[in-house]
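work-v2.pdb (PDB, C-alpha atoms) appears below.
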```pdb
ATOM      1  CA  MET A   1      -3.021  -2.823   8.037
ATOM      2  CA  ARG A   2      -1.147  -5.738   9.439
ATOM      3  CA  PHE A   3       0.258  -9.016   8.242
ATOM      4  CA  PRO A   4       0.542 -11.912  10.708
ATOM      5  CA  PRO A   5       4.096 -13.221  11.286
ATOM      6  CA  ALA A   6       5.090 -16.145   8.516
ATOM      7  CA  PRO A   7      -3.180   0.541   5.824
ATOM      8  CA  LEU A   8      -5.059  16.647   3.127
ATOM      9  CA  LEU A   9      -4.153  20.136   2.262
ATOM     10  CA  PHE A  10      -0.612  18.963   1.992
ATOM     11  CA  ALA A  11       2.051  19.750  -0.510
ATOM     12  CA  ALA A  12       3.787  16.950  -2.341
ATOM     13  CA  LEU A  13       7.138  15.823  -1.055
ATOM     14  CA  SER A  14       9.117  14.412  -3.926
ATOM     15  CA  VAL A  15      12.342  12.495  -3.452
ATOM     16  CA  THR A  16      14.702  11.594  -6.236
ATOM     17  CA  SER A  17      15.133   7.882  -6.853
ATOM     18  CA  VAL A  18      18.318   6.473  -8.270
ATOM     19  CA  SER A  19      17.833   3.187  -9.977
ATOM     20  CA  LEU A  20      16.028   1.037  -8.804
ATOM     21  CA  THR A  21       0.332  -4.066   7.982
ATOM     22  CA  GLY A  22      -0.140  -1.254   9.955
ATOM     23  CA  CYS A  23      -2.613   1.302  11.240
ATOM     24  CA  ASP A  24      -5.490   0.024  13.342
ATOM     25  CA  SER A  25      -4.709  -3.639  12.780
ATOM     26  CA  ARG A  26      -7.320  -6.330  13.092
ATOM     27  CA  PRO A  27      -8.064  -7.193  16.737
ATOM     28  CA  ALA A  28      -6.391 -10.494  18.648
ATOM     29  CA  GLY A  29       4.810   2.556   4.024
ATOM     30  CA  LEU A  30      17.543  14.613  -0.199
ATOM     31  CA  THR A  31      19.992  15.660  -1.929
ATOM     32  CA  SER A  32      18.396  19.075  -1.629
ATOM     33  CA  THR A  33      15.135  19.581   0.211
ATOM     34  CA  SER A  34      12.077  21.595  -0.611
ATOM     35  CA  ILE A  35       9.094  20.358   1.323
ATOM     36  CA  GLY A  36       6.127  22.134  -0.156
ATOM     37  CA  ALA A  37       4.214  22.404  -3.373
ATOM     38  CA  THR A  38       7.313  21.805  -5.471
ATOM     39  CA  ALA A  39       9.174  18.555  -5.887
ATOM     40  CA  VAL A  40      12.555  18.016  -4.284
ATOM     41  CA  GLN A  41      15.263  18.589  -6.859
ATOM     42  CA  PRO A  42      18.648  16.875  -6.859
ATOM     43  CA  SER A  43      21.689  18.995  -6.143
ATOM     44  CA  PRO A  44      23.382  20.252  -9.314
ATOM     45  CA  GLU A  45      26.561  18.499 -10.359
ATOM     46  CA  PRO A  46      29.773  20.441  -9.739
ATOM     47  CA  ALA A  47      30.983  22.187 -12.890
ATOM     48  CA  SER A  48      34.142  20.090 -12.917
ATOM     49  CA  LYS A  49      32.209  16.830 -12.895
ATOM     50  CA  PRO A  50      30.572  15.632 -16.132
ATOM     51  CA  LEU A  51      26.843  15.033 -16.123
ATOM     52  CA  PRO A  52      25.796  11.371 -16.162
ATOM     53  CA  ALA A  53      25.305   9.759 -19.539
ATOM     54  CA  PRO A  54      21.668   9.367 -20.654
ATOM     55  CA  THR A  55      21.934   5.623 -20.081
ATOM     56  CA  ASP A  56      22.904   6.149 -16.435
ATOM     57  CA  PRO A  57      19.896   5.136 -14.264
ATOM     58  CA  ALA A  58      20.543   8.162 -12.058
ATOM     59  CA  ALA A  59      20.002  10.423 -15.057
ATOM     60  CA  THR A  60      16.650   8.898 -15.994
ATOM     61  CA  ALA A  61      15.333   8.072 -12.523
ATOM     62  CA  LYS A  62      11.763   9.090 -11.815
ATOM     63  CA  PRO A  63      10.912  11.104  -8.706
ATOM     64  CA  SER A  64       9.246   9.330  -5.812
ATOM     65  CA  TYR A  65       6.492  10.670  -3.575
ATOM     66  CA  LEU A  66       5.619  10.016   0.042
ATOM     67  CA  GLY A  67       2.110   9.198   1.214
ATOM     68  CA  PHE A  68       0.306   7.849   4.258
ATOM     69  CA  ASP A  69      -2.526   5.522   5.061
ATOM     70  CA  ARG A  70      -4.514   4.757   8.193
ATOM     71  CA  ASN A  71      -7.763   3.023   9.007
ATOM     72  CA  THR A  72      -9.618   6.088  10.274
ATOM     73  CA  TYR A  73     -10.032   9.437   8.537
ATOM     74  CA  PRO A  74      -7.655  11.938  10.200
ATOM     75  CA  GLY A  75     -10.156  14.794  10.202
ATOM     76  CA  ASP A  76     -10.404  17.911   8.064
ATOM     77  CA  ASP A  77      -8.220  19.963  10.414
ATOM     78  CA  ALA A  78      -5.315  17.529   9.989
ATOM     79  CA  LEU A  79      -5.188  17.840   6.216
ATOM     80  CA  ALA A  80      -3.084  20.991   5.992
ATOM     81  CA  PRO A  81      -0.251  19.812   8.282
ATOM     82  CA  LEU A  82      -0.232  16.372   6.690
ATOM     83  CA  HIS A  83      -0.005  17.962   3.257
ATOM     84  CA  GLN A  84       3.333  19.456   4.223
ATOM     85  CA  HIS A  85       4.866  15.980   3.980
ATOM     86  CA  PHE A  86       2.577  13.712   1.974
ATOM     87  CA  ALA A  87       1.343  13.739  -1.620
ATOM     88  CA  TYR A  88      -1.380  11.065  -1.368
ATOM     89  CA  THR A  89      -3.419   9.103   1.118
ATOM     90  CA  GLY A  90      -5.035   5.707   1.405
ATOM     91  CA  PHE A  91      -8.823   5.766   0.963
ATOM     92  CA  TRP A  92     -11.031   2.879   2.094
ATOM     93  CA  LEU A  93     -14.093   1.855   0.064
ATOM     94  CA  ASN A  94     -15.484  -0.365   2.833
ATOM     95  CA  ASN A  95     -14.894  -0.965   6.533
ATOM     96  CA  PRO A  96     -11.137  -1.205   7.189
ATOM     97  CA  PRO A  97      -9.692  -4.190   9.076
ATOM     98  CA  GLY A  98     -11.111  -4.430  12.585
ATOM     99  CA  GLU A  99     -13.437  -1.440  12.129
ATOM    100  CA  GLN A 100     -17.222  -1.353  12.396
ATOM    101  CA  GLN A 101     -17.612   1.669  10.114
ATOM    102  CA  ASN A 102     -15.788   3.437   7.284
ATOM    103  CA  THR A 103     -14.947   6.986   8.349
ATOM    104  CA  TRP A 104     -13.358   7.773   4.950
ATOM    105  CA  SER A 105     -16.670   7.553   3.130
ATOM    106  CA  GLY A 106     -17.811  10.894   1.717
ATOM    107  CA  HIS A 107     -14.479  12.674   2.239
ATOM    108  CA  ARG A 108     -13.063  12.415  -1.284
ATOM    109  CA  PRO A 109     -14.121  16.003  -2.186
ATOM    110  CA  GLN A 110     -12.188  17.447   0.768
ATOM    111  CA  LEU A 111      -9.114  15.406  -0.120
ATOM    112  CA  VAL A 112      -9.250  16.368  -3.796
ATOM    113  CA  ALA A 113      -9.647  20.029  -2.863
ATOM    114  CA  ALA A 114      -6.636  19.646  -0.574
ATOM    115  CA  GLY A 115      -4.545  18.325  -3.463
ATOM    116  CA  PHE A 116      -4.218  14.712  -2.409
ATOM    117  CA  GLY A 117      -3.728  11.760  -4.689
ATOM    118  CA  PHE A 118      -5.023   8.359  -3.652
ATOM    119  CA  LEU A 119      -4.329   4.727  -2.892
ATOM    120  CA  VAL A 120      -7.886   3.354  -3.092
ATOM    121  CA  LEU A 121      -8.453   0.256  -0.936
ATOM    122  CA  PHE A 122     -11.085  -2.444  -0.605
ATOM    123  CA  ASN A 123     -10.774  -4.633   2.496
ATOM    124  CA  GLY A 124     -10.628  -8.254   1.315
ATOM    125  CA  ARG A 125     -11.550 -11.433   3.148
ATOM    126  CA  LEU A 126      -9.407 -13.387   5.565
ATOM    127  CA  ASP A 127      -9.045 -17.085   4.872
ATOM    128  CA  ALA A 128     -11.382 -17.905   7.756
ATOM    129  CA  GLU A 129     -14.028 -15.608   6.282
ATOM    130  CA  ILE A 130     -13.750 -17.249   2.866
ATOM    131  CA  LYS A 131     -14.195 -20.692   4.427
ATOM    132  CA  HIS A 132     -17.071 -19.476   6.581
ATOM    133  CA  ALA A 133     -18.947 -18.075   3.578
ATOM    134  CA  GLN A 134     -18.452 -21.378   1.778
ATOM    135  CA  ALA A 135     -19.722 -23.445   4.707
ATOM    136  CA  ARG A 136     -22.569 -21.181   5.818
ATOM    137  CA  ASP A 137     -23.795 -19.581   2.608
ATOM    138  CA  LYS A 138     -22.601 -22.185   0.086
ATOM    139  CA  LEU A 139     -20.771 -19.292  -1.595
ATOM    140  CA  THR A 140     -17.676 -20.461  -3.446
ATOM    141  CA  PRO A 141     -14.469 -18.407  -3.144
ATOM    142  CA  ASP A 142     -14.850 -17.437  -6.820
ATOM    143  CA  ALA A 143     -18.416 -16.235  -6.300
ATOM    144  CA  LEU A 144     -17.428 -14.341  -3.153
ATOM    145  CA  GLY A 145     -14.567 -12.638  -4.986
ATOM    146  CA  ARG A 146     -16.854 -11.542  -7.822
ATOM    147  CA  GLN A 147     -19.463 -10.317  -5.340
ATOM    148  CA  ASP A 148     -16.895  -8.259  -3.448
ATOM    149  CA  ALA A 149     -15.574  -6.840  -6.720
ATOM    150  CA  GLN A 150     -19.085  -5.664  -7.601
ATOM    151  CA  ASN A 151     -19.321  -4.012  -4.186
ATOM    152  CA  ALA A 152     -15.920  -2.338  -4.700
ATOM    153  CA  VAL A 153     -16.961  -0.964  -8.094
ATOM    154  CA  ALA A 154     -20.240   0.318  -6.662
ATOM    155  CA  ALA A 155     -18.424   2.002  -3.766
ATOM    156  CA  ALA A 156     -15.848   3.595  -6.084
ATOM    157  CA  ARG A 157     -18.672   4.970  -8.232
ATOM    158  CA  ARG A 158     -20.513   6.264  -5.164
ATOM    159  CA  GLU A 159     -17.373   8.023  -3.886
ATOM    160  CA  GLY A 160     -16.799   9.672  -7.270
ATOM    161  CA  PHE A 161     -13.609   7.913  -8.394
ATOM    162  CA  PRO A 162     -13.177   8.159 -12.171
ATOM    163  CA  ASP A 163     -12.836   5.326 -14.654
ATOM    164  CA  GLY A 164      -9.314   3.948 -14.701
ATOM    165  CA  THR A 165      -8.790   4.309 -10.944
ATOM    166  CA  VAL A 166      -6.739   1.432  -9.509
ATOM    167  CA  LEU A 167      -8.704  -0.375  -6.778
ATOM    168  CA  PHE A 168      -6.349  -2.204  -4.420
ATOM    169  CA  LEU A 169      -7.648  -5.390  -2.826
ATOM    170  CA  ASP A 170      -6.317  -5.477   0.746
ATOM    171  CA  GLN A 171      -4.810  -8.971   1.102
ATOM    172  CA  GLU A 172      -4.017  -8.983   4.816
ATOM    173  CA  GLU A 173      -2.545 -12.477   5.164
ATOM    174  CA  GLY A 174       0.953 -13.062   3.831
ATOM    175  CA  GLY A 175       2.849 -15.972   2.295
ATOM    176  CA  ARG A 176       1.689 -18.205  -0.538
ATOM    177  CA  LEU A 177      -2.067 -17.943  -1.047
ATOM    178  CA  LEU A 178      -4.025 -21.041  -0.077
ATOM    179  CA  PRO A 179      -6.258 -22.499  -2.827
ATOM    180  CA  GLU A 180      -9.416 -20.806  -1.571
ATOM    181  CA  GLN A 181      -7.551 -17.527  -1.058
ATOM    182  CA  SER A 182      -6.168 -17.665  -4.588
ATOM    183  CA  ALA A 183      -9.606 -18.408  -6.056
ATOM    184  CA  TYR A 184     -11.119 -15.455  -4.170
ATOM    185  CA  PHE A 185      -8.224 -13.119  -4.987
ATOM    186  CA  PHE A 186      -8.170 -13.680  -8.732
ATOM    187  CA  ALA A 187     -11.961 -13.764  -9.073
ATOM    188  CA  PHE A 188     -11.884 -10.279  -7.521
ATOM    189  CA  THR A 189      -9.037  -8.897  -9.644
ATOM    190  CA  GLU A 190     -10.375 -10.375 -12.891
ATOM    191  CA  ALA A 191     -13.813  -8.871 -12.203
ATOM    192  CA  ILE A 192     -12.243  -5.467 -11.511
ATOM    193  CA  ALA A 193     -10.187  -5.758 -14.713
ATOM    194  CA  ALA A 194     -13.428  -6.340 -16.638
ATOM    195  CA  SER A 195     -14.934  -3.170 -15.141
ATOM    196  CA  PRO A 196     -14.073   0.467 -15.953
ATOM    197  CA  TYR A 197     -11.553   0.320 -13.094
ATOM    198  CA  ARG A 198      -8.095  -1.255 -12.854
ATOM    199  CA  ALA A 199      -7.071  -4.084 -10.539
ATOM    200  CA  GLY A 200      -4.452  -3.729  -7.832
ATOM    201  CA  SER A 201      -3.571  -5.339  -4.531
ATOM    202  CA  TYR A 202      -1.999  -4.325  -1.252
ATOM    203  CA  LEU A 203      -0.052  -7.416  -0.224
ATOM    204  CA  SER A 204       3.010  -8.674   1.571
ATOM    205  CA  GLY A 205       6.543  -8.400   0.251
ATOM    206  CA  GLN A 206       7.884 -10.046   3.393
ATOM    207  CA  PRO A 207       9.526 -13.447   2.709
ATOM    208  CA  SER A 208       7.566 -16.303   4.273
ATOM    209  CA  ASP A 209       8.477 -19.962   4.709
ATOM    210  CA  ASP A 210       7.362 -22.027   1.717
ATOM    211  CA  GLY A 211       8.573 -25.439   2.752
ATOM    212  CA  PRO A 212      11.543 -27.463   1.482
ATOM    213  CA  GLY A 213      12.981 -26.871  -1.981
ATOM    214  CA  THR A 214      14.232 -29.495  -4.414
ATOM    215  CA  ASN A 215      17.529 -29.652  -2.509
ATOM    216  CA  GLY A 216      15.739 -30.207   0.783
ATOM    217  CA  LYS A 217      16.553 -26.733   2.143
ATOM    218  CA  ARG A 218      13.791 -24.427   3.314
ATOM    219  CA  ILE A 219      12.752 -21.796   0.789
ATOM    220  CA  THR A 220      10.738 -18.609   1.094
ATOM    221  CA  ILE A 221       8.185 -16.804  -1.029
ATOM    222  CA  THR A 222       6.367 -13.479  -0.842
ATOM    223  CA  THR A 223       2.695 -13.021  -1.612
ATOM    224  CA  ALA A 224       3.743 -10.681  -4.417
ATOM    225  CA  GLN A 225       5.872 -13.432  -6.007
ATOM    226  CA  ASP A 226       3.016 -15.918  -5.722
ATOM    227  CA  VAL A 227       0.568 -13.500  -7.375
ATOM    228  CA  ARG A 228       2.939 -12.686 -10.230
ATOM    229  CA  GLU A 229       3.627 -16.387 -10.883
ATOM    230  CA  THR A 230      -0.093 -17.206 -10.991
ATOM    231  CA  ILE A 231      -0.825 -14.315 -13.358
ATOM    232  CA  ALA A 232       1.907 -15.509 -15.716
ATOM    233  CA  ALA A 233       0.908 -19.177 -15.540
ATOM    234  CA  LYS A 234      -2.803 -18.543 -16.116
ATOM    235  CA  HIS A 235      -2.445 -15.545 -18.473
ATOM    236  CA  LEU A 236      -4.549 -13.322 -16.241
ATOM    237  CA  HIS A 237      -4.884  -9.550 -16.271
ATOM    238  CA  SER A 238      -2.062  -7.623 -14.651
ATOM    239  CA  VAL A 239      -2.452  -6.478 -11.046
ATOM    240  CA  ALA A 240      -0.800  -3.289  -9.765
ATOM    241  CA  LEU A 241       1.221  -4.119  -6.645
ATOM    242  CA  TRP A 242       1.337  -2.053  -3.464
ATOM    243  CA  ILE A 243       3.927  -3.814  -1.316
ATOM    244  CA  ALA A 244       3.970  -3.997   2.482
ATOM    245  CA  GLU A 245       7.521  -4.583   3.709
ATOM    246  CA  ASP A 246       8.474  -2.811   6.931
ATOM    247  CA  ALA A 247      11.522  -4.911   7.855
ATOM    248  CA  CYS A 248      14.612  -2.771   8.466
ATOM    249  CA  PRO A 249      16.429  -3.044   6.117
ATOM    250  CA  PRO A 250      15.293  -2.497   3.412
ATOM    251  CA  ALA A 251      12.840  -0.148   5.132
ATOM    252  CA  PRO A 252      14.310   3.012   6.706
ATOM    253  CA  GLY A 253      11.803   2.934   9.567
ATOM    254  CA  CYS A 254       9.288   5.541  10.634
ATOM    255  CA  THR A 255      10.775   8.611   8.997
ATOM    256  CA  VAL A 256      10.102  11.282   6.418
ATOM    257  CA  SER A 257      13.521  12.844   6.953
ATOM    258  CA  PRO A 258      14.967  13.981   3.616
ATOM    259  CA  ASP A 259      18.299  12.327   4.409
ATOM    260  CA  ALA A 260      16.630   8.995   5.160
ATOM    261  CA  VAL A 261      14.302   8.934   2.149
ATOM    262  CA  ALA A 262      16.545  10.670  -0.393
ATOM    263  CA  HIS A 263      16.740   7.694  -2.742
ATOM    264  CA  LEU A 264      13.685   5.765  -1.556
ATOM    265  CA  SER A 265      11.721   4.037  -4.328
ATOM    266  CA  PRO A 266       9.077   1.288  -4.527
ATOM    267  CA  ARG A 267      11.794  -0.858  -6.109
ATOM    268  CA  ASN A 268      13.706  -0.792  -2.816
ATOM    269  CA  SER A 269      10.974  -2.977  -1.332
ATOM    270  CA  GLY A 270      12.455  -5.966  -3.151
ATOM    271  CA  THR A 271       9.533  -6.137  -5.610
ATOM    272  CA  LEU A 272      10.913  -4.402  -8.676
ATOM    273  CA  ASP A 273       7.574  -3.798 -10.404
ATOM    274  CA  ALA A 274       5.822  -2.379  -7.314
ATOM    275  CA  ILE A 275       4.096   0.958  -7.835
ATOM    276  CA  ALA A 276       3.916   1.700  -4.104
ATOM    277  CA  TRP A 277       5.726   0.494  -0.998
ATOM    278  CA  GLN A 278       4.456   0.696   2.565
ATOM    279  CA  TYR A 279       7.733   0.954   4.483
ATOM    280  CA  ALA A 280       6.460   1.729   7.999
ATOM    281  CA  GLN A 281       3.422   0.486   9.906
ATOM    282  CA  SER A 282       1.568   1.453  13.049
ATOM    283  CA  PRO A 283       1.979  -0.264  15.374
ATOM    284  CA  GLN A 284       5.527  -1.317  14.567
ATOM    285  CA  ARG A 285       6.432  -4.991  14.398
ATOM    286  CA  PRO A 286       9.369  -5.269  16.840
ATOM    287  CA  GLU A 287      10.611  -8.541  15.381
ATOM    288  CA  LEU A 288      11.160  -6.836  12.015
ATOM    289  CA  THR A 289      12.050  -3.288  13.044
ATOM    290  CA  HIS A 290      14.667  -3.694  15.774
ATOM    291  CA  ALA A 291      17.322  -2.106  13.513
ATOM    292  CA  CYS A 292      15.226   1.064  13.153
ATOM    293  CA  ALA A 293      13.332   0.913  16.445
ATOM    294  CA  LYS A 294      14.460   4.403  17.471
ATOM    295  CA  THR A 295      12.540   5.926  14.557
ATOM    296  CA  TYR A 296       9.231   4.833  16.117
ATOM    297  CA  ALA A 297       7.537   6.591  19.027
ATOM    298  CA  THR A 298       7.641   5.193  22.553
ATOM    299  CA  ASP A 299       4.043   4.013  22.109
ATOM    300  CA  GLY A 300       5.228   1.754  19.273
ATOM    301  CA  ASN A 301       3.444   3.742  16.581
ATOM    302  CA  CYS A 302       4.664   5.901  13.704
ATOM    303  CA  HIS A 303       3.898   9.609  14.017
ATOM    304  CA  ALA A 304       6.385  10.916  11.443
ATOM    305  CA  GLY A 305       4.888  13.811   9.498
ATOM    306  CA  ALA A 306       1.876  13.953  11.815
ATOM    307  CA  THR A 307       0.815  15.334  15.178
ATOM    308  CA  PRO A 308       1.394  13.109  18.230
ATOM    309  CA  ASP A 309      -2.259  12.066  18.319
ATOM    310  CA  LEU A 310      -2.149  10.659  14.757
ATOM    311  CA  TYR A 311      -0.365   7.415  13.962
ATOM    312  CA  LEU A 312       0.285   6.513  10.341
ATOM    313  CA  ASP A 313       1.559   3.934   7.904
ATOM    314  CA  LEU A 314       4.142   5.467   5.547
ATOM    315  CA  ASN A 315       4.439   4.818   1.812
ATOM    316  CA  VAL A 316       6.564   5.763  -1.166
ATOM    317  CA  ALA A 317       5.299   5.663  -4.751
ATOM    318  CA  SER A 318       6.452   6.695  -8.214
ATOM    319  CA  SER A 319       3.367   8.913  -8.665
ATOM    320  CA  PRO A 320       1.696  11.578  -6.492
ATOM    321  CA  ASP A 321      -1.585   9.800  -7.311
ATOM    322  CA  PRO A 322      -0.781   6.044  -7.435
ATOM    323  CA  SER A 323      -4.417   4.985  -7.942
ATOM    324  CA  HIS A 324      -4.991   7.725 -10.560
ATOM    325  CA  GLY A 325      -8.052   8.573  -8.521
ATOM    326  CA  ARG A 326      -8.155  12.369  -8.761
TER     327      ARG A 326
END
```

Could you express the structure from this file as structure tokens?
Amino acid sequence: MRFPPAPLLFAALSVTSVSLTGCDSRPAGLTSTSIGATAVQPSPEPASKPLPAPTDPAATAKPSYLGFDRNTYPGDDALAPLHQHFAYTGFWLNNPPGEQQNTWSGHRPQLVAAGFGFLVLFNGRLDAEIKHAQARDKLTPDALGRQDAQNAVAAARREGFPDGTVLFLDQEEGGRLLPEQSAYFFAFTEAIAASPYRAGSYLSGQPSDDGPGTNGKRITITTAQDVRETIAAKHLHSVALWIAEDACPPAPGCTVSPDAVAHLSPRNSGTLDAIAWQYAQSPQRPELTHACAKTYATDGNCHAGATPDLYLDLNVASSPDPSHGR
């Protein structure tokens, strides 16, 4: 998954949090380590040092879990090695960006058997596609959003995802949504919210130019901020946010190293209510990742936690099953 400038028998890797677009893009994500079936536990406090008070965020912090996503299914043989590092995987309900087929379809049983949780994705429309449907088919953005939501629900049912699964609309273009984009987006999420499933969105947390402010200075906005403001203003259903923000910092780069991700949390993305954060993309965006460029492979992709032939997007979430899709 990729945003223009302004998405297996493996054991869960859990990292302790303190307080707090990527694979196959369209043509032109410890104190003590235990990588395996058990979560990583923080080192015990020295006996001479008092334990934190219950109100200390470090004492009540929830564990975080690493996951991956990519546009093409990695293959059954890759599930076991991937499971050594990742607790969940992205799962496409329709053709991913730039792809002519969906290779994930039909593989939910293998992933469930392997112990994976899910980030369930539906590839949304680019602005040009929304305008094209309106001009060619006389299909309004609202109608197109509702139609795509029906298709997402049907695909989730067909793949066997249970009621209550969060379906993330893949909003590939960043910045403030244009009027037709906003109409499409919220028609989709409201239709999902009215179904047995829950609405979510994969969207940009990267600041984008939003024109001059009241003082004449340029201001920025993220797509996540725009969506939250619209939900509040129009009293719409909540939308679970999966944030794409691979700029270093706050992102640590392409790494699953315990030292690098020890305190990683979705909150570190800059969107405090995010439930998942995509912190590394394949291919990398050099203009945003120069500070962590050495963490990426020489081919510009992220292979951390995978074999050299597999490139990934990396994610951190507060649940080993962020979509609740098991």

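In this comparison, which uses only C-alpha atoms, the residue of A:Gly124, A:Gly253, A:Gly98, A:Gly205 approaching Pro266 in chain A most closely is A:Gly205.
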
Practice item. Could you expand the PyMOL selection byres ((chain A and resi 248) around 6) into the explicit residues it covers here, written as a list of chain:residue names? Key: A:Ala247, A:Pro249, A:Pro250, A:Ala251, A:Thr289, A:Ala291

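For the choices A:Phe168, A:Tyr88, A:Trp104, A:Tyr197, the atom-to-atom distance to Gly75 in chain A is smallest for A:Trp104 when using all atoms listed in the file.
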
Revision key, fill the gap. Counting all atoms listed in the file, closest pick from A:Ala233, A:Ile192, A:Val261, A:Ala276 relative to Ser204 in chain A is A:Ala276

Point to revise | Atomic distance CA of Phe186 in chain A - CA of Thr271 in chain A, expressed in Å with one decimal | key: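 Calculated distance between CA of Phe186 in chain A and CA of Thr271 in chain A is 19.5 Å.
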
Review point. With distances taken over only C-alpha atoms, which of A:Gly117, A:Gly216, A:Pro252, A:Pro308 is nearest to Ala293 in chain A?
Key: A:Pro252

Check your understanding: How far is it from CA of Leu126 in chain A to CA of Gln171 in chain A, in Å with one decimal?
Key ->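 For CA of Leu126 in chain A relative to CA of Gln171 in chain A, the distance reads 7.8 Å.
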
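Of note, CA of Asp170 in chain A and CA of Thr223 in chain A are spaced 12.0 Å apart.
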
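When all atoms listed in the file are used to compute distances to Ala155 in chain A, the closest of the residues A:Pro212, A:Gly106, A:Pro258, A:Pro141 turns out to be A:Gly106.
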
**Study point:** Polymer residues at most 12 Å from Gly270 in chain A, all atoms listed in the file, same-chain spacing of 5 or more positions, as an NGL selection string
**Key:** :A and (20 or 204-207 or 221-222 or 224-225 or 241-247 or 249-251 or 264-265 or 275-279)

Exercise for review: Identify which of the residues A:Ala128, A:Leu167, A:Ala133, A:Leu66 lies closest to Ser323 in chain A, counting only C-alpha atoms when measuring atom-to-atom distances.
Suggested key: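 Nearest candidate to Ser323 in chain A out of A:Ala128, A:Leu167, A:Ala133, A:Leu66: A:Leu167.
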
Practice item. Name all residues at most 12 Å from Thr295 in chain A (count only C-alpha atoms; drop same-chain ones fewer than 2 positions away) and give them as an MDAnalysis selection string. Key: chainID A and resid 248 251:257 260 280:282 284 286 289:293 297:304

Could you take the residues named above and write them with C-alpha atoms, as a CSV table (one decimal), keeping the file's coordinate frame?
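part36.csv was written with the following content:
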```csv
chain,number,residue,atom,x,y,z
A,248,CYS,CA,14.6,-2.8,8.5
A,251,ALA,CA,12.8,-0.1,5.1
A,252,PRO,CA,14.3,3.0,6.7
A,253,GLY,CA,11.8,2.9,9.6
A,254,CYS,CA,9.3,5.5,10.6
A,255,THR,CA,10.8,8.6,9.0
A,256,VAL,CA,10.1,11.3,6.4
A,257,SER,CA,13.5,12.8,7.0
A,260,ALA,CA,16.6,9.0,5.2
A,280,ALA,CA,6.5,1.7,8.0
A,281,GLN,CA,3.4,0.5,9.9
A,282,SER,CA,1.6,1.5,13.0
A,284,GLN,CA,5.5,-1.3,14.6
A,286,PRO,CA,9.4,-5.3,16.8
A,289,THR,CA,12.0,-3.3,13.0
A,290,HIS,CA,14.7,-3.7,15.8
A,291,ALA,CA,17.3,-2.1,13.5
A,292,CYS,CA,15.2,1.1,13.2
A,293,ALA,CA,13.3,0.9,16.4
A,297,ALA,CA,7.5,6.6,19.0
A,298,THR,CA,7.6,5.2,22.6
A,299,ASP,CA,4.0,4.0,22.1
A,300,GLY,CA,5.2,1.8,19.3
A,301,ASN,CA,3.4,3.7,16.6
A,302,CYS,CA,4.7,5.9,13.7
A,303,HIS,CA,3.9,9.6,14.0
A,304,ALA,CA,6.4,10.9,11.4
```

Review point. Quick one: residues within 7 Å of Phe118 in chain A, all atoms listed in the file counted, chain neighbours fewer than 6 positions away excluded, as a PyMOL selection string?
Key: chain A and resi 88-91+321-325

Could you give me range 210-218 of chain A completed to N, CA, C and O atoms, formatted as a PDB file, keeping the file's coordinate frame?
```
ATOM      1  N   ASP A 210       8.143 -21.337   2.745  1.00  0.00           N
ATOM      2  CA  ASP A 210       7.362 -22.027   1.717  1.00  0.00           C
ATOM      3  C   ASP A 210       7.726 -23.502   1.627  1.00  0.00           C
ATOM      4  O   ASP A 210       7.543 -24.133   0.595  1.00  0.00           O
ATOM      5  N   GLY A 211       8.263 -24.026   2.716  1.00  0.00           N
ATOM      6  CA  GLY A 211       8.573 -25.439   2.752  1.00  0.00           C
ATOM      7  C   GLY A 211       9.933 -25.760   2.144  1.00  0.00           C
ATOM      8  O   GLY A 211      10.698 -24.878   1.763  1.00  0.00           O
ATOM      9  N   PRO A 212      10.243 -27.054   2.027  1.00  0.00           N
ATOM     10  CA  PRO A 212      11.543 -27.463   1.482  1.00  0.00           C
ATOM     11  C   PRO A 212      11.591 -27.341  -0.037  1.00  0.00           C
ATOM     12  O   PRO A 212      10.608 -27.582  -0.731  1.00  0.00           O
ATOM     13  N   GLY A 213      12.770 -26.936  -0.540  1.00  0.00           N
ATOM     14  CA  GLY A 213      12.981 -26.871  -1.981  1.00  0.00           C
ATOM     15  C   GLY A 213      13.438 -28.211  -2.519  1.00  0.00           C
ATOM     16  O   GLY A 213      13.449 -29.227  -1.800  1.00  0.00           O
ATOM     17  N   THR A 214      13.818 -28.244  -3.786  1.00  0.00           N
ATOM     18  CA  THR A 214      14.232 -29.495  -4.414  1.00  0.00           C
ATOM     19  C   THR A 214      15.497 -30.063  -3.783  1.00  0.00           C
ATOM     20  O   THR A 214      15.730 -31.270  -3.837  1.00  0.00           O
ATOM     21  N   ASN A 215      16.309 -29.186  -3.161  1.00  0.00           N
ATOM     22  CA  ASN A 215      17.529 -29.652  -2.509  1.00  0.00           C
ATOM     23  C   ASN A 215      17.314 -29.961  -1.039  1.00  0.00           C
ATOM     24  O   ASN A 215      18.268 -30.262  -0.314  1.00  0.00           O
ATOM     25  N   GLY A 216      16.065 -29.898  -0.597  1.00  0.00           N
ATOM     26  CA  GLY A 216      15.739 -30.207   0.783  1.00  0.00           C
ATOM     27  C   GLY A 216      15.844 -29.035   1.728  1.00  0.00           C
ATOM     28  O   GLY A 216      15.394 -29.114   2.875  1.00  0.00           O
ATOM     29  N   LYS A 217      16.429 -27.916   1.299  1.00  0.00           N
ATOM     30  CA  LYS A 217      16.553 -26.733   2.143  1.00  0.00           C
ATOM     31  C   LYS A 217      15.268 -25.916   2.115  1.00  0.00           C
ATOM     32  O   LYS A 217      14.548 -25.908   1.121  1.00  0.00           O
ATOM     33  N   ARG A 218      14.989 -25.247   3.227  1.00  0.00           N
ATOM     34  CA  ARG A 218      13.791 -24.427   3.314  1.00  0.00           C
ATOM     35  C   ARG A 218      13.890 -23.251   2.357  1.00  0.00           C
ATOM     36  O   ARG A 218      14.954 -22.658   2.175  1.00  0.00           O
TER      37      ARG A 218
END
```
